[in-house]
Every structure is written in structure tokens, then in C-alpha cells.
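Enquirer: This is start_33.txt, which holds compact mmCIF, C-alpha atoms:
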# COMPACT_ATOMS: atom_id res chain seq x y z
CA MET G 1 0.00 0.00 0.00
CA SER G 2 1.34 3.47 -0.80
CA LYS G 3 1.43 6.46 1.46
CA ARG G 4 -0.79 9.18 0.04
CA LYS G 5 -0.26 12.77 0.98
CA THR G 6 -2.24 15.75 -0.14
CA SER G 7 -0.97 19.28 0.16
CA VAL G 8 -3.88 21.07 1.80
CA SER G 9 -2.06 24.28 2.52
CA GLY G 10 1.48 25.55 2.36
CA ALA G 11 3.97 25.78 -0.44
CA MET G 12 3.70 23.30 -3.28
CA LEU G 13 7.45 23.68 -3.65
CA ASP G 14 7.81 21.68 -0.43
CA LEU G 15 6.62 18.63 -2.35
CA TRP G 16 9.94 18.78 -4.23
CA ARG G 17 11.93 18.26 -1.00
CA PRO G 18 13.23 14.75 -0.36
CA PRO G 19 11.63 12.88 2.51
CA GLN G 20 13.84 11.63 5.31
CA GLY G 21 15.83 8.59 4.22
CA ALA G 22 15.15 9.11 0.50
CA GLY G 23 18.81 8.74 -0.41
CA ASP G 24 20.65 10.49 -3.20
CA PRO G 25 18.67 12.04 -6.06
CA ILE G 26 18.45 10.03 -9.28
CA GLY G 27 16.34 12.35 -11.39
CA CYS G 28 13.06 14.09 -12.08
CA LEU G 29 10.77 14.45 -15.07
CA ALA G 30 7.87 16.90 -15.02
CA SER G 31 5.15 17.96 -17.44
CA THR G 32 3.60 21.41 -17.68
CA TYR G 33 1.84 23.71 -20.12
CA THR G 34 3.62 27.00 -19.40
CA PHE G 35 7.10 26.99 -17.96
CA ASP G 36 9.39 29.27 -15.97
CA PRO G 37 12.97 27.97 -16.25
CA GLY G 38 14.12 30.11 -13.31
CA LEU G 39 11.54 28.59 -10.97
CA PHE G 40 12.43 25.07 -12.11
CA ASP G 41 16.18 25.61 -11.93
CA GLU G 42 16.44 27.53 -8.67
CA GLN G 43 13.38 26.50 -6.67
CA CYS G 44 12.23 23.04 -7.82
CA LEU G 45 15.66 21.55 -8.51
CA GLY G 46 17.14 23.38 -5.52
CA ARG G 47 14.68 21.60 -3.23
CA PHE G 48 14.85 18.26 -5.08
CA LEU G 49 18.65 18.22 -4.78
CA ASP G 50 18.44 19.44 -1.16
CA ILE G 51 20.70 22.43 -1.86
CA GLU G 52 21.38 24.41 1.28
CA SER G 53 22.49 27.73 -0.21
CA GLU G 54 19.94 30.32 -1.36
CA PRO G 55 19.99 31.36 -5.05
CA ASP G 56 19.07 35.00 -4.29
CA ARG G 57 21.50 35.53 -1.43
CA GLU G 58 24.44 33.33 -2.34
CA ASP G 59 24.48 33.18 -6.14
CA LEU G 60 27.97 31.71 -6.56
CA ALA G 61 27.60 29.25 -3.67
CA PHE G 62 24.21 28.13 -5.04
CA LEU G 63 25.60 27.64 -8.56
CA LEU G 64 28.58 25.63 -7.32
CA GLU G 65 26.43 23.47 -5.06
CA ARG G 66 23.85 22.90 -7.81
CA GLU G 67 26.53 21.93 -10.34
CA SER G 68 28.15 19.45 -7.97
CA ARG G 69 24.82 17.83 -7.00
CA LEU G 70 23.29 17.83 -10.48
CA GLY G 71 26.34 16.10 -12.01
CA GLY G 72 24.93 12.58 -12.37
CA VAL G 73 21.26 13.42 -11.91
CA TYR G 74 18.71 13.55 -14.73
CA ALA G 75 16.27 16.48 -14.94
CA GLY G 76 13.76 17.22 -17.68
CA VAL G 77 10.52 19.06 -18.39
CA LEU G 78 7.88 18.13 -20.96
CA VAL G 79 6.26 21.37 -22.11
CA ASP G 80 3.69 22.24 -24.77
CA HIS G 81 5.47 23.12 -28.02
CA THR G 82 3.83 26.57 -28.08
CA GLN G 83 5.75 27.39 -24.91
CA GLY G 84 8.90 25.81 -26.28
CA GLY G 85 11.33 28.66 -26.93
CA VAL G 86 12.25 28.95 -23.27
CA GLU G 87 15.78 29.23 -22.00
CA HIS G 88 17.20 26.26 -20.20
CA SER G 89 20.39 24.93 -18.74
CA LEU G 90 22.79 22.57 -20.42
CA ARG G 91 22.28 20.43 -17.29
CA TRP G 92 18.56 19.69 -17.84
CA ASP G 93 16.29 19.12 -20.81
CA VAL G 94 13.23 20.92 -22.15
CA LEU G 95 11.23 18.48 -24.28
CA ARG G 96 8.63 20.17 -26.49
CA VAL G 97 5.45 18.09 -26.83
CA ARG G 98 3.30 18.57 -29.92
CA LEU G 99 -0.23 17.19 -29.91
CA LYS G 100 -2.17 16.85 -33.19
CA SER G 101 -5.01 18.84 -31.66
CA GLY G 102 -5.12 20.63 -28.34
CA LYS G 103 -2.37 21.45 -25.89
CA GLN G 104 -0.08 19.44 -23.62
CA HIS G 105 -1.70 20.62 -20.41
CA SER G 106 -0.80 17.93 -17.85
CA LYS G 107 1.09 18.74 -14.68
CA LEU G 108 2.70 15.54 -13.45
CA SER G 109 6.10 15.38 -11.79
CA LEU G 110 8.04 12.20 -11.08
CA LEU G 111 10.85 12.66 -8.56
CA ALA G 112 13.22 9.78 -7.79
CA TRP G 113 15.83 9.28 -5.11
CA ASN G 114 17.69 6.01 -4.35
CA HIS G 115 15.10 4.82 -1.83
CA HIS G 116 12.01 6.81 -2.71
CA VAL G 117 9.82 7.95 -5.60
CA ARG G 118 7.28 10.77 -5.40
CA ILE G 119 4.57 11.39 -7.98
CA ILE G 120 3.04 14.88 -7.87
CA VAL G 121 -0.16 15.72 -9.73
CA ALA G 122 -1.06 19.41 -9.62
CA SER G 123 -3.19 22.04 -11.24
CA ALA G 124 -0.25 24.47 -11.25
CA ASN G 125 2.06 25.10 -14.16
CA LEU G 126 5.79 25.19 -13.40
CA THR G 127 5.72 29.00 -13.09
CA GLU G 128 6.08 31.55 -10.30
CA PHE G 129 2.35 32.31 -10.47
CA GLY G 130 1.42 28.64 -10.47
CA TYR G 131 3.62 27.71 -7.53
CA ARG G 132 3.64 30.92 -5.48
CA PHE G 133 0.61 33.11 -6.13
CA ASN G 134 -2.35 31.30 -7.69
CA GLN G 135 -4.89 29.26 -5.76
CA GLU G 136 -3.83 25.77 -6.92
CA ILE G 137 -4.11 22.22 -5.71
CA ALA G 138 -1.58 19.39 -5.64
CA GLY G 139 -1.48 15.85 -4.41
CA SER G 140 1.40 13.45 -4.12
CA VAL G 141 1.93 9.73 -3.83
CA ASP G 142 5.09 8.52 -2.11
CA LEU G 143 6.52 5.13 -3.03
CA SER G 144 9.40 3.12 -1.64
CA PRO G 145 10.65 -0.40 -2.38
CA ALA G 146 9.01 -1.64 0.83
CA ASP G 147 5.83 0.38 0.44
CA GLY G 148 4.60 1.16 -3.04
CA ASP G 149 1.67 0.91 -5.41
CA ALA G 150 3.04 -0.58 -8.61
CA GLN G 151 -0.11 0.30 -10.57
CA ILE G 152 0.13 4.04 -9.83
CA PHE G 153 3.84 4.02 -10.62
CA THR G 154 3.27 2.16 -13.91
CA GLN G 155 0.49 4.55 -14.91
CA ALA G 156 2.68 7.60 -14.20
CA THR G 157 5.71 6.29 -16.08
CA GLY G 158 3.47 5.09 -18.95
CA PHE G 159 1.90 8.53 -19.23
CA LEU G 160 5.31 10.25 -19.30
CA ARG G 161 6.51 7.77 -21.95
CA SER G 162 3.44 8.59 -24.06
CA LEU G 163 4.33 12.30 -23.86
CA LEU G 164 7.92 11.51 -24.87
CA GLY G 165 6.51 9.85 -27.98
CA LEU G 166 4.88 13.18 -28.89
CA VAL G 167 8.16 15.11 -28.92
CA PRO G 168 8.93 15.95 -32.58
CA GLY G 169 11.84 13.80 -33.66
CA ALA G 170 11.29 11.23 -30.89
CA SER G 171 11.25 8.42 -33.44
CA GLU G 172 14.77 9.46 -34.50
CA LEU G 173 15.81 9.02 -30.85
CA LEU G 174 16.89 12.56 -30.07
CA PRO G 175 19.51 12.63 -27.29
CA GLU G 176 17.15 14.48 -24.92
CA VAL G 177 14.42 11.88 -25.48
CA GLN G 178 16.94 9.08 -24.94
CA ARG G 179 18.05 10.65 -21.64
CA ALA G 180 14.44 10.87 -20.43
CA GLN G 181 13.72 7.27 -21.47
CA SER G 182 16.90 6.07 -19.75
CA PHE G 183 15.84 7.83 -16.56
CA LEU G 184 12.41 6.13 -16.67
CA ASP G 185 14.09 2.76 -17.38
CA GLN G 186 16.39 3.25 -14.40
CA ILE G 187 13.66 4.01 -11.88
CA GLU G 188 11.46 1.19 -13.22
CA ARG G 189 14.32 -1.22 -12.43
CA LEU G 190 14.49 0.14 -8.88
Using the file provided, produce a representation of the structure as C-alpha cells.

Expert:
Amino acid sequence: MSKRKTSVSGAMLDLWRPPQGAGDPIGCLASTYTFDPGLFDEQCLGRFLDIESEPDREDLAFLLERESRLGGVYAGVLVDHTQGGVEHSLRWDVLRVRLKSGKQHSKLSLLAWNHHVRIIVASANLTEFGYRFNQEIAGSVDLSPADGDAQIFTQATGFLRSLLGLVPGASELLPEVQRAQSFLDQIERL
């Protein structure tokens, strides 16, 4: 049986923090419609990687700590192709999803550490307004090797794989698509 947590109040960014005993970060893959690379890079990844320095107060210390912790960790965001021209880091991927009709509007985040996986489903886009100012809702499911719901995990990874298939050029195995698929393969083995 999985532990289910729902964020009733408080900062949704706290859902990106590792739980006690989670181990080292392996990677994260999130989907969103609109996207703020600064929020993802400094706030989401900062919490996911458990970075102690503050990006606004200690810019150099934050950058050095982020670079050392992000070294072997995968990070990627699946975003609607209309929002695609965003800046991003060479350390994480922006994967532009193109639907035949409609928009890629899902907001699902899969966070993986050595001993823990968290699935976050939210109404908020990965933007400052979505995570800090709007009235939004989010729920999370925490999974561990000893306590997990394989069906929920399989549905989440299957959904993310289906979005990866909608990235233009995915059939040619773009490097960024390969990295995302390798990350999903790795956590499925765990």
C-alpha cells in the first residue's frame, strides 16, 4: 500500500523536498503547459537536490552546489510546443510536446531518489504564479521499495513515456528523449 499525501495548505514547492531517508537524487521528469525555467532551476531543482544555499542571497555558492549535486542526476521538463522557446540549462532538458489537436496541459512530476519515488499531480504550471501566487491544488503519492503501489507508478511512467513519444523527432531518438527514457528505465528497475 502506498502512502498518500495531499498538500492542503502551504507551499507546493515543499513537495519537491526529499523525505527523510530518500537517499541520493536520481532524477526528475515533469510535465507542464507553461514553464518558468528560473523557478524550475532555482526552486524546484534546488529543493529536489536538497541544496542548502539560497539562489538569491548566495548566487555563486548556489551555482557551485547545484553543479556538484546535479552532475549525475537527470532532470527534464515536458512542455507544450507553443511554450517551447524557453531558456534552459545545459544540465537539464526541455522536451517540447506537440499534440495533433489541443495542448499538452498535464502537470505531473516524477521525482526519484535512491530509496524513494514521489509522484506529484497538480493544477499548477511550473511557473512563479502557479507555484507561489495562484490558488492551486496538488497531491502526491510517495513510493518506496518496501511500500509502493506498482499500478500508480506504472500509470505515471506510462503517461510520461506517451508524452515523450509526442516530442517531434522522438522516433529518430533525439539525445534528450533518450536521456528521459533512460531515466524512466532506471527508476522502473528500482

Enquirer: Counting only C-alpha atoms, what is within 12 Å of Val73 in chain G, bar same-chain residues fewer than 2 positions away, as a PDB file with C-alpha atoms, keeping the file's coordinate frame?

Expert:
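Final output, saved to out-v9.pdb:
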ATOM      1  CA  ASP G  24      20.650  10.490  -3.200  1.00  0.00           C
ATOM      2  CA  PRO G  25      18.670  12.040  -6.060  1.00  0.00           C
ATOM      3  CA  ILE G  26      18.450  10.030  -9.280  1.00  0.00           C
ATOM      4  CA  GLY G  27      16.340  12.350 -11.390  1.00  0.00           C
ATOM      5  CA  CYS G  28      13.060  14.090 -12.080  1.00  0.00           C
ATOM      6  CA  LEU G  29      10.770  14.450 -15.070  1.00  0.00           C
ATOM      7  CA  LEU G  45      15.660  21.550  -8.510  1.00  0.00           C
ATOM      8  CA  PHE G  48      14.850  18.260  -5.080  1.00  0.00           C
ATOM      9  CA  LEU G  49      18.650  18.220  -4.780  1.00  0.00           C
ATOM     10  CA  ARG G  66      23.850  22.900  -7.810  1.00  0.00           C
ATOM     11  CA  GLU G  67      26.530  21.930 -10.340  1.00  0.00           C
ATOM     12  CA  SER G  68      28.150  19.450  -7.970  1.00  0.00           C
ATOM     13  CA  ARG G  69      24.820  17.830  -7.000  1.00  0.00           C
ATOM     14  CA  LEU G  70      23.290  17.830 -10.480  1.00  0.00           C
ATOM     15  CA  GLY G  71      26.340  16.100 -12.010  1.00  0.00           C
ATOM     16  CA  ALA G  75      16.270  16.480 -14.940  1.00  0.00           C
ATOM     17  CA  GLY G  76      13.760  17.220 -17.680  1.00  0.00           C
ATOM     18  CA  ARG G  91      22.280  20.430 -17.290  1.00  0.00           C
ATOM     19  CA  TRP G  92      18.560  19.690 -17.840  1.00  0.00           C
ATOM     20  CA  ASP G  93      16.290  19.120 -20.810  1.00  0.00           C
ATOM     21  CA  LEU G 111      10.850  12.660  -8.560  1.00  0.00           C
ATOM     22  CA  ALA G 112      13.220   9.780  -7.790  1.00  0.00           C
ATOM     23  CA  TRP G 113      15.830   9.280  -5.110  1.00  0.00           C
ATOM     24  CA  ASN G 114      17.690   6.010  -4.350  1.00  0.00           C
ATOM     25  CA  ARG G 179      18.050  10.650 -21.640  1.00  0.00           C
ATOM     26  CA  ALA G 180      14.440  10.870 -20.430  1.00  0.00           C
ATOM     27  CA  SER G 182      16.900   6.070 -19.750  1.00  0.00           C
ATOM     28  CA  PHE G 183      15.840   7.830 -16.560  1.00  0.00           C
ATOM     29  CA  GLN G 186      16.390   3.250 -14.400  1.00  0.00           C
TER      30      GLN G 186
END

Enquirer: Calculate how many Å separate CA of Gln43 in chain G from CA of Asp80 in chain G, rounding to one decimal.

Expert: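 About the pair CA of Gln43 in chain G and CA of Asp80 in chain G: they are 21.0 Å apart.
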
Enquirer: Just want the 7 Å neighbourhood of Arg17 in chain G, counted on all atoms listed in the file, with same-chain residues fewer than 3 positions away dropped. Output as a ChimeraX atom specification.

Expert: /G:14,47-48,50

Enquirer: Pick the closest to Ile137 in chain G from G:Gly46, G:Thr34, G:Ala11, G:Thr82: which is it, counting all atoms listed in the file?

Expert: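 Of G:Gly46, G:Thr34, G:Ala11, G:Thr82, the one nearest Ile137 in chain G, counting all atoms listed in the file, is G:Ala11.
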
Enquirer: So what do you get for CA of Val141 in chain G versus CA of Gln155 in chain G, distance-wise?

Expert: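 Between these atoms lies a distance of 12.3 Å.
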
Enquirer: Pull the neighbourhood of (9.3, 5.5, -23.9) for me: all residues within 7 Å in file coordinates, counting all atoms listed in the file, as a VMD selection string.

Expert: chain G and resid 161 to 162 164 to 165 181

Enquirer: Output C-alpha atoms of each residue in that selection to a file, as a PDB file, in the frame of the given file.

Expert:
ATOM      1  CA  ARG G 161       6.510   7.770 -21.950  1.00  0.00           C
ATOM      2  CA  SER G 162       3.440   8.590 -24.060  1.00  0.00           C
ATOM      3  CA  LEU G 164       7.920  11.510 -24.870  1.00  0.00           C
ATOM      4  CA  GLY G 165       6.510   9.850 -27.980  1.00  0.00           C
ATOM      5  CA  GLN G 181      13.720   7.270 -21.470  1.00  0.00           C
TER       6      GLN G 181
END

Enquirer: Around (14.3, 8.3, 7.4) in the file's frame, which residues reach within 12 Å when counting all atoms listed in the file? Return as a ChimeraX atom specification?

Expert: /G:18-23,115-116,144

Enquirer: So the first atom is CA of Tyr131 in chain G and the second is CA of Asp36 in chain G; what is the distance between them in Å, to one decimal place?

Expert: 10.3 Å
